[in-house]
>>> print(open('protein.json').read())   # JSON, C-alpha atoms
[["chain", "number", "residue", "atom", "x", "y", "z"],
["U", 1, "MET", "CA", -107.75, -160.49, 55.02],
["U", 2, "HIS", "CA", -104.96, -158.23, 53.75],
["U", 3, "THR", "CA", -105.55, -155.80, 56.66],
["U", 4, "ARG", "CA", -105.26, -158.63, 59.18],
["U", 5, "MET", "CA", -101.90, -159.64, 57.77],
["U", 6, "LYS", "CA", -100.61, -156.05, 57.96],
["U", 7, "ASN", "CA", -101.72, -155.81, 61.58],
["U", 8, "SER", "CA", -100.00, -159.12, 62.40],
["U", 9, "VAL", "CA", -96.78, -157.86, 60.85],
["U", 10, "LYS", "CA", -97.02, -154.60, 62.84],
["U", 11, "ILE", "CA", -97.54, -156.53, 66.08],
["U", 12, "ALA", "CA", -94.62, -158.86, 65.35],
["U", 13, "ASN", "CA", -92.36, -155.89, 64.57],
["U", 14, "ALA", "CA", -93.40, -154.16, 67.80],
["U", 15, "LEU", "CA", -92.62, -157.30, 69.82],
["U", 16, "TRP", "CA", -89.19, -157.58, 68.19],
["U", 17, "ALA", "CA", -88.48, -153.93, 69.02],
["U", 18, "VAL", "CA", -89.42, -154.47, 72.68],
["U", 19, "LEU", "CA", -87.26, -157.61, 72.83],
["U", 20, "LEU", "CA", -84.26, -155.81, 71.32],
["U", 21, "LEU", "CA", -84.63, -152.85, 73.66],
["U", 22, "THR", "CA", -84.91, -155.13, 76.69],
["U", 23, "THR", "CA", -81.82, -157.06, 75.64],
["U", 24, "ALA", "CA", -79.85, -153.88, 74.92],
["U", 25, "CYS", "CA", -80.69, -152.43, 78.33],
["U", 26, "SER", "CA", -79.80, -155.52, 80.33],
["U", 27, "ASP", "CA", -76.37, -155.90, 81.92],
["U", 28, "SER", "CA", -75.76, -159.61, 81.48],
["U", 29, "ASN", "CA", -71.97, -159.30, 81.78],
["U", 30, "ASN", "CA", -72.03, -158.75, 85.52],
["U", 31, "VAL", "CA", -73.57, -161.34, 87.82],
["U", 32, "LYS", "CA", -74.05, -160.06, 91.36],
["U", 33, "ASN", "CA", -75.15, -161.68, 94.57],
["U", 34, "GLU", "CA", -74.59, -161.18, 98.27],
["U", 35, "ASP", "CA", -71.44, -163.35, 98.34],
["U", 36, "ALA", "CA", -69.38, -162.14, 95.40],
["U", 37, "GLU", "CA", -69.27, -160.46, 92.04],
["U", 38, "ILE", "CA", -68.02, -162.35, 89.01],
["U", 39, "ASN", "CA", -67.16, -160.14, 86.04],
["U", 40, "ARG", "CA", -67.85, -162.01, 82.82],
["U", 41, "ASP", "CA", -65.77, -159.54, 80.78],
["U", 42, "VAL", "CA", -62.52, -161.09, 81.99],
["U", 43, "ASP", "CA", -60.89, -162.99, 79.14],
["U", 44, "LEU", "CA", -58.64, -165.46, 80.92],
["U", 45, "ALA", "CA", -56.64, -165.98, 77.73],
["U", 46, "SER", "CA", -56.16, -162.27, 77.17],
["U", 47, "GLU", "CA", -52.75, -160.66, 77.19],
["U", 48, "SER", "CA", -54.31, -157.53, 78.72],
["U", 49, "VAL", "CA", -54.45, -159.18, 82.16],
["U", 50, "PRO", "CA", -51.34, -158.13, 84.12],
["U", 51, "ASN", "CA", -49.52, -161.44, 84.23],
["U", 52, "ASP", "CA", -46.09, -160.39, 83.03],
["U", 53, "ARG", "CA", -44.23, -161.12, 86.28],
["U", 54, "PRO", "CA", -42.98, -164.66, 86.87],
["U", 55, "GLY", "CA", -44.30, -165.92, 90.18],
["U", 56, "SER", "CA", -46.92, -163.17, 90.24],
["U", 57, "THR", "CA", -49.13, -163.18, 93.31],
["U", 58, "MET", "CA", -52.20, -162.46, 91.17],
["U", 59, "ASN", "CA", -55.13, -164.52, 92.43],
["U", 60, "TYR", "CA", -58.21, -165.42, 90.41],
["U", 61, "PRO", "CA", -60.75, -167.28, 92.60],
["U", 62, "VAL", "CA", -62.51, -170.34, 91.19],
["U", 63, "PRO", "CA", -66.16, -169.54, 90.39],
["U", 64, "ILE", "CA", -68.80, -172.19, 91.17],
["U", 65, "GLY", "CA", -72.45, -172.50, 90.18],
["U", 66, "GLU", "CA", -71.91, -171.38, 86.59],
["U", 67, "ASP", "CA", -74.34, -173.95, 85.18],
["U", 68, "GLY", "CA", -77.28, -172.56, 87.15],
["U", 69, "PRO", "CA", -79.32, -173.58, 90.18],
["U", 70, "ARG", "CA", -80.49, -176.91, 88.72],
["U", 71, "PHE", "CA", -76.99, -178.34, 88.32],
["U", 72, "ASP", "CA", -74.17, -179.20, 90.69],
["U", 73, "ALA", "CA", -72.01, -176.26, 91.75],
["U", 74, "CYS", "CA", -69.11, -177.88, 89.84],
["U", 75, "GLY", "CA", -70.23, -179.64, 86.69],
["U", 76, "GLY", "CA", -67.51, -182.25, 86.28],
["U", 77, "VAL", "CA", -65.18, -184.64, 88.03],
["U", 78, "GLY", "CA", -61.67, -185.27, 86.78],
["U", 79, "ARG", "CA", -58.65, -187.33, 87.72],
["U", 80, "VAL", "CA", -55.06, -186.09, 87.65],
["U", 81, "ARG", "CA", -53.00, -188.04, 85.11],
["U", 82, "GLY", "CA", -49.34, -187.94, 84.11],
["U", 83, "SER", "CA", -48.55, -184.60, 85.67],
["U", 84, "GLY", "CA", -45.01, -184.40, 84.32],
["U", 85, "GLY", "CA", -43.32, -184.89, 87.67],
["U", 86, "ASP", "CA", -43.20, -187.07, 90.75],
["U", 87, "ASP", "CA", -44.42, -184.21, 92.95],
["U", 88, "GLY", "CA", -47.85, -184.05, 91.31],
["U", 89, "LEU", "CA", -49.77, -181.52, 89.27],
["U", 90, "GLU", "CA", -49.13, -177.87, 90.12],
["U", 91, "VAL", "CA", -52.13, -175.87, 91.34],
["U", 92, "MET", "CA", -51.85, -172.21, 90.40],
["U", 93, "ALA", "CA", -53.45, -169.08, 91.93],
["U", 94, "ALA", "CA", -54.69, -167.94, 88.50],
["U", 95, "PRO", "CA", -55.00, -169.51, 85.04],
["U", 96, "PHE", "CA", -51.55, -168.49, 83.80],
["U", 97, "ASP", "CA", -48.15, -170.20, 83.62],
["U", 98, "ASP", "CA", -46.33, -167.38, 85.36],
["U", 99, "THR", "CA", -48.51, -166.99, 88.43],
["U", 100, "GLN", "CA", -47.83, -168.32, 91.90],
["U", 101, "MET", "CA", -48.04, -172.06, 92.57],
["U", 102, "ILE", "CA", -50.29, -172.62, 95.60],
["U", 103, "GLY", "CA", -50.21, -176.40, 95.87],
["U", 104, "ARG", "CA", -49.90, -179.78, 94.19],
["U", 105, "ILE", "CA", -52.30, -182.64, 93.50],
["U", 106, "ALA", "CA", -50.96, -186.18, 93.30],
["U", 107, "SER", "CA", -51.43, -188.24, 90.15],
["U", 108, "GLY", "CA", -54.59, -190.36, 90.39],
["U", 109, "HIS", "CA", -56.31, -187.88, 92.75],
["U", 110, "ASN", "CA", -59.91, -186.88, 91.88],
["U", 111, "LEU", "CA", -60.98, -183.24, 91.71],
["U", 112, "PHE", "CA", -64.08, -181.23, 90.87],
["U", 113, "ILE", "CA", -63.96, -179.25, 87.62],
["U", 114, "CYS", "CA", -65.90, -176.04, 88.21],
["U", 115, "THR", "CA", -64.95, -173.83, 85.27],
["U", 116, "ARG", "CA", -62.59, -173.52, 82.29],
["U", 117, "SER", "CA", -60.54, -170.70, 80.91],
["U", 118, "ILE", "CA", -61.69, -169.32, 77.59],
["U", 119, "ASP", "CA", -58.74, -170.93, 75.79],
["U", 120, "GLN", "CA", -59.55, -174.30, 77.50],
["U", 121, "LYS", "CA", -55.96, -174.62, 78.78],
["U", 122, "TRP", "CA", -56.92, -174.29, 82.45],
["U", 123, "PHE", "CA", -59.52, -175.83, 84.74],
["U", 124, "GLY", "CA", -60.74, -174.05, 87.84],
["U", 125, "VAL", "CA", -60.89, -176.90, 90.34],
["U", 126, "VAL", "CA", -61.88, -177.76, 93.89],
["U", 127, "TYR", "CA", -60.17, -180.68, 95.61],
["U", 128, "ALA", "CA", -59.99, -182.28, 99.01],
["U", 129, "GLY", "CA", -56.87, -181.57, 101.01],
["U", 130, "GLU", "CA", -55.05, -184.02, 103.21],
["U", 131, "GLY", "CA", -57.44, -185.58, 105.71],
["U", 132, "GLN", "CA", -60.55, -184.30, 103.90],
["U", 133, "GLU", "CA", -63.22, -186.23, 102.01],
["U", 134, "ALA", "CA", -64.26, -185.01, 98.55],
["U", 135, "GLY", "CA", -67.92, -185.09, 99.60],
["U", 136, "ASP", "CA", -67.16, -182.44, 102.22],
["U", 137, "CYS", "CA", -66.24, -179.82, 99.59],
["U", 138, "GLY", "CA", -69.86, -178.68, 99.07],
["U", 139, "VAL", "CA", -69.79, -178.56, 95.26],
["U", 140, "SER", "CA", -71.48, -181.85, 94.32],
["U", 141, "SER", "CA", -74.99, -180.43, 94.72],
["U", 142, "PRO", "CA", -76.72, -177.33, 93.32],
["U", 143, "ILE", "CA", -76.26, -173.86, 94.77],
["U", 144, "ARG", "CA", -78.65, -170.96, 94.35],
["U", 145, "ASN", "CA", -76.27, -168.30, 92.99],
["U", 146, "ARG", "CA", -72.91, -168.15, 91.26],
["U", 147, "ARG", "CA", -70.06, -167.23, 93.56],
["U", 148, "ASN", "CA", -66.37, -167.69, 94.14],
["U", 149, "TYR", "CA", -65.46, -170.88, 96.00],
["U", 150, "ALA", "CA", -64.54, -170.14, 99.60],
["U", 151, "GLY", "CA", -63.86, -173.57, 101.12],
["U", 152, "PRO", "CA", -63.72, -175.74, 103.12],
["U", 153, "CYS", "CA", -61.62, -177.64, 100.55],
["U", 154, "LYS", "CA", -58.78, -176.28, 98.44],
["U", 155, "SER", "CA", -59.23, -174.60, 95.07],
["U", 156, "GLY", "CA", -57.10, -173.26, 92.24],
["U", 157, "TRP", "CA", -56.23, -173.61, 88.59],
["U", 158, "VAL", "CA", -54.59, -176.62, 86.89],
["U", 159, "SER", "CA", -53.47, -177.35, 83.36],
["U", 160, "SER", "CA", -56.32, -179.15, 81.58],
["U", 161, "ALA", "CA", -53.77, -181.29, 79.68],
["U", 162, "PHE", "CA", -53.14, -183.31, 82.85],
["U", 163, "VAL", "CA", -56.75, -183.95, 83.87],
["U", 164, "ARG", "CA", -58.88, -186.79, 82.51],
["U", 165, "LEU", "CA", -62.63, -186.18, 82.66],
["U", 166, "VAL", "CA", -64.28, -188.91, 84.76],
["U", 167, "ALA", "CA", -67.88, -187.65, 84.97],
["U", 168, "GLU", "CA", -69.99, -184.70, 83.86]]
>>> encode(input="protein.json", output="structure tokens")
Amino acid sequence: MHTRMKNSVKIANALWAVLLLTTACSDSNNVKNEDAEINRDVDLASESVPNDRPGSTMNYPVPIGEDGPRFDACGGVGRVRGSGGDDGLEVMAAPFDDTQMIGRIASGHNLFICTRSIDQKWFGVVYAGEGQEAGDCGVSSPIRNRRNYAGPCKSGWVSSAFVRLVAE
């Protein structure tokens, strides 16, 4: 009986070693597909990202499909609330205060929440433009692979403080 237990321990240790080696050799920080590459090492809250120019033209596309192929491409729906001005909520090209404003969304307008910055201050969103229907954006059903949103609706980054979650 004692020999059986030793053999079981040896087998368990060997399995752990294989698992650790497999994990160490995998490159899970980079997700690649035919449409785009999304680098998971980017810390959107990091000061190391070159965002020191007011009005910078830096652009950080909104990734979709982050929850996997069994979930909608954008996992939440939000509504713009109290945006701090009559002109609506500013949509930015990247999740930083000092980047270029690329649009505005009126208070009360619904949008798809596709991702969040690491510090939770920004939502990567997709929203219908003037004359478009939200259902035409293509993010309310699953997609096979993660990728950057490329239309037909508008996309960008908004302050999470001015978005109320409506559905997940």
>>> closest_residue(input="protein.json", among="U:Ile64, U:Arg144, U:Phe71, U:Lys154", to="Gly131 (chain U)", atoms="only C-alpha atoms")
U:Lys154
>>> atom_distance(input="protein.json", atom1="CA of Gly138 (chain U)", atom2="CA of Pro63 (chain U)")
13.1 Å
>>> atom_distance(input="protein.json", atom1="CA of Ser160 (chain U)", atom2="CA of Asp119 (chain U)")
10.3 Å
>>> closest_residue(input="protein.json", among="U:Ser107, U:Thr115, U:Ser140, U:Gln100", to="Arg164 (chain U)", atoms="all atoms listed in the file")
U:Ser107
>>> closest_residue(input="protein.json", among="U:Arg79, U:Lys121, U:His109, U:Arg116", to="Asp97 (chain U)", atoms="only C-alpha atoms")
U:Lys121
>>> residues_around(input="protein.json", residues="Cys114 (chain U)", least_positions_apart="4", cutoff="8 Å", atoms="all atoms listed in the file", output="list of chain:residue names")
U:Val62, U:Pro63, U:Ile64, U:Gly65, U:Glu66, U:Ala73, U:Cys74, U:Gly75, U:Gly76, U:Phe123, U:Gly124, U:Val125, U:Val126
>>> residues_around(input="protein.json", residues="Ala128 (chain U)", least_positions_apart="3", cutoff="12 Å", atoms="only C-alpha atoms", output="PyMOL selection string")
chain U and resi 103-106+109-112+125+131-139+151-156
>>> atom_distance(input="protein.json", atom1="CA of Ser141 (chain U)", atom2="CA of Val166 (chain U)")
16.9 Å
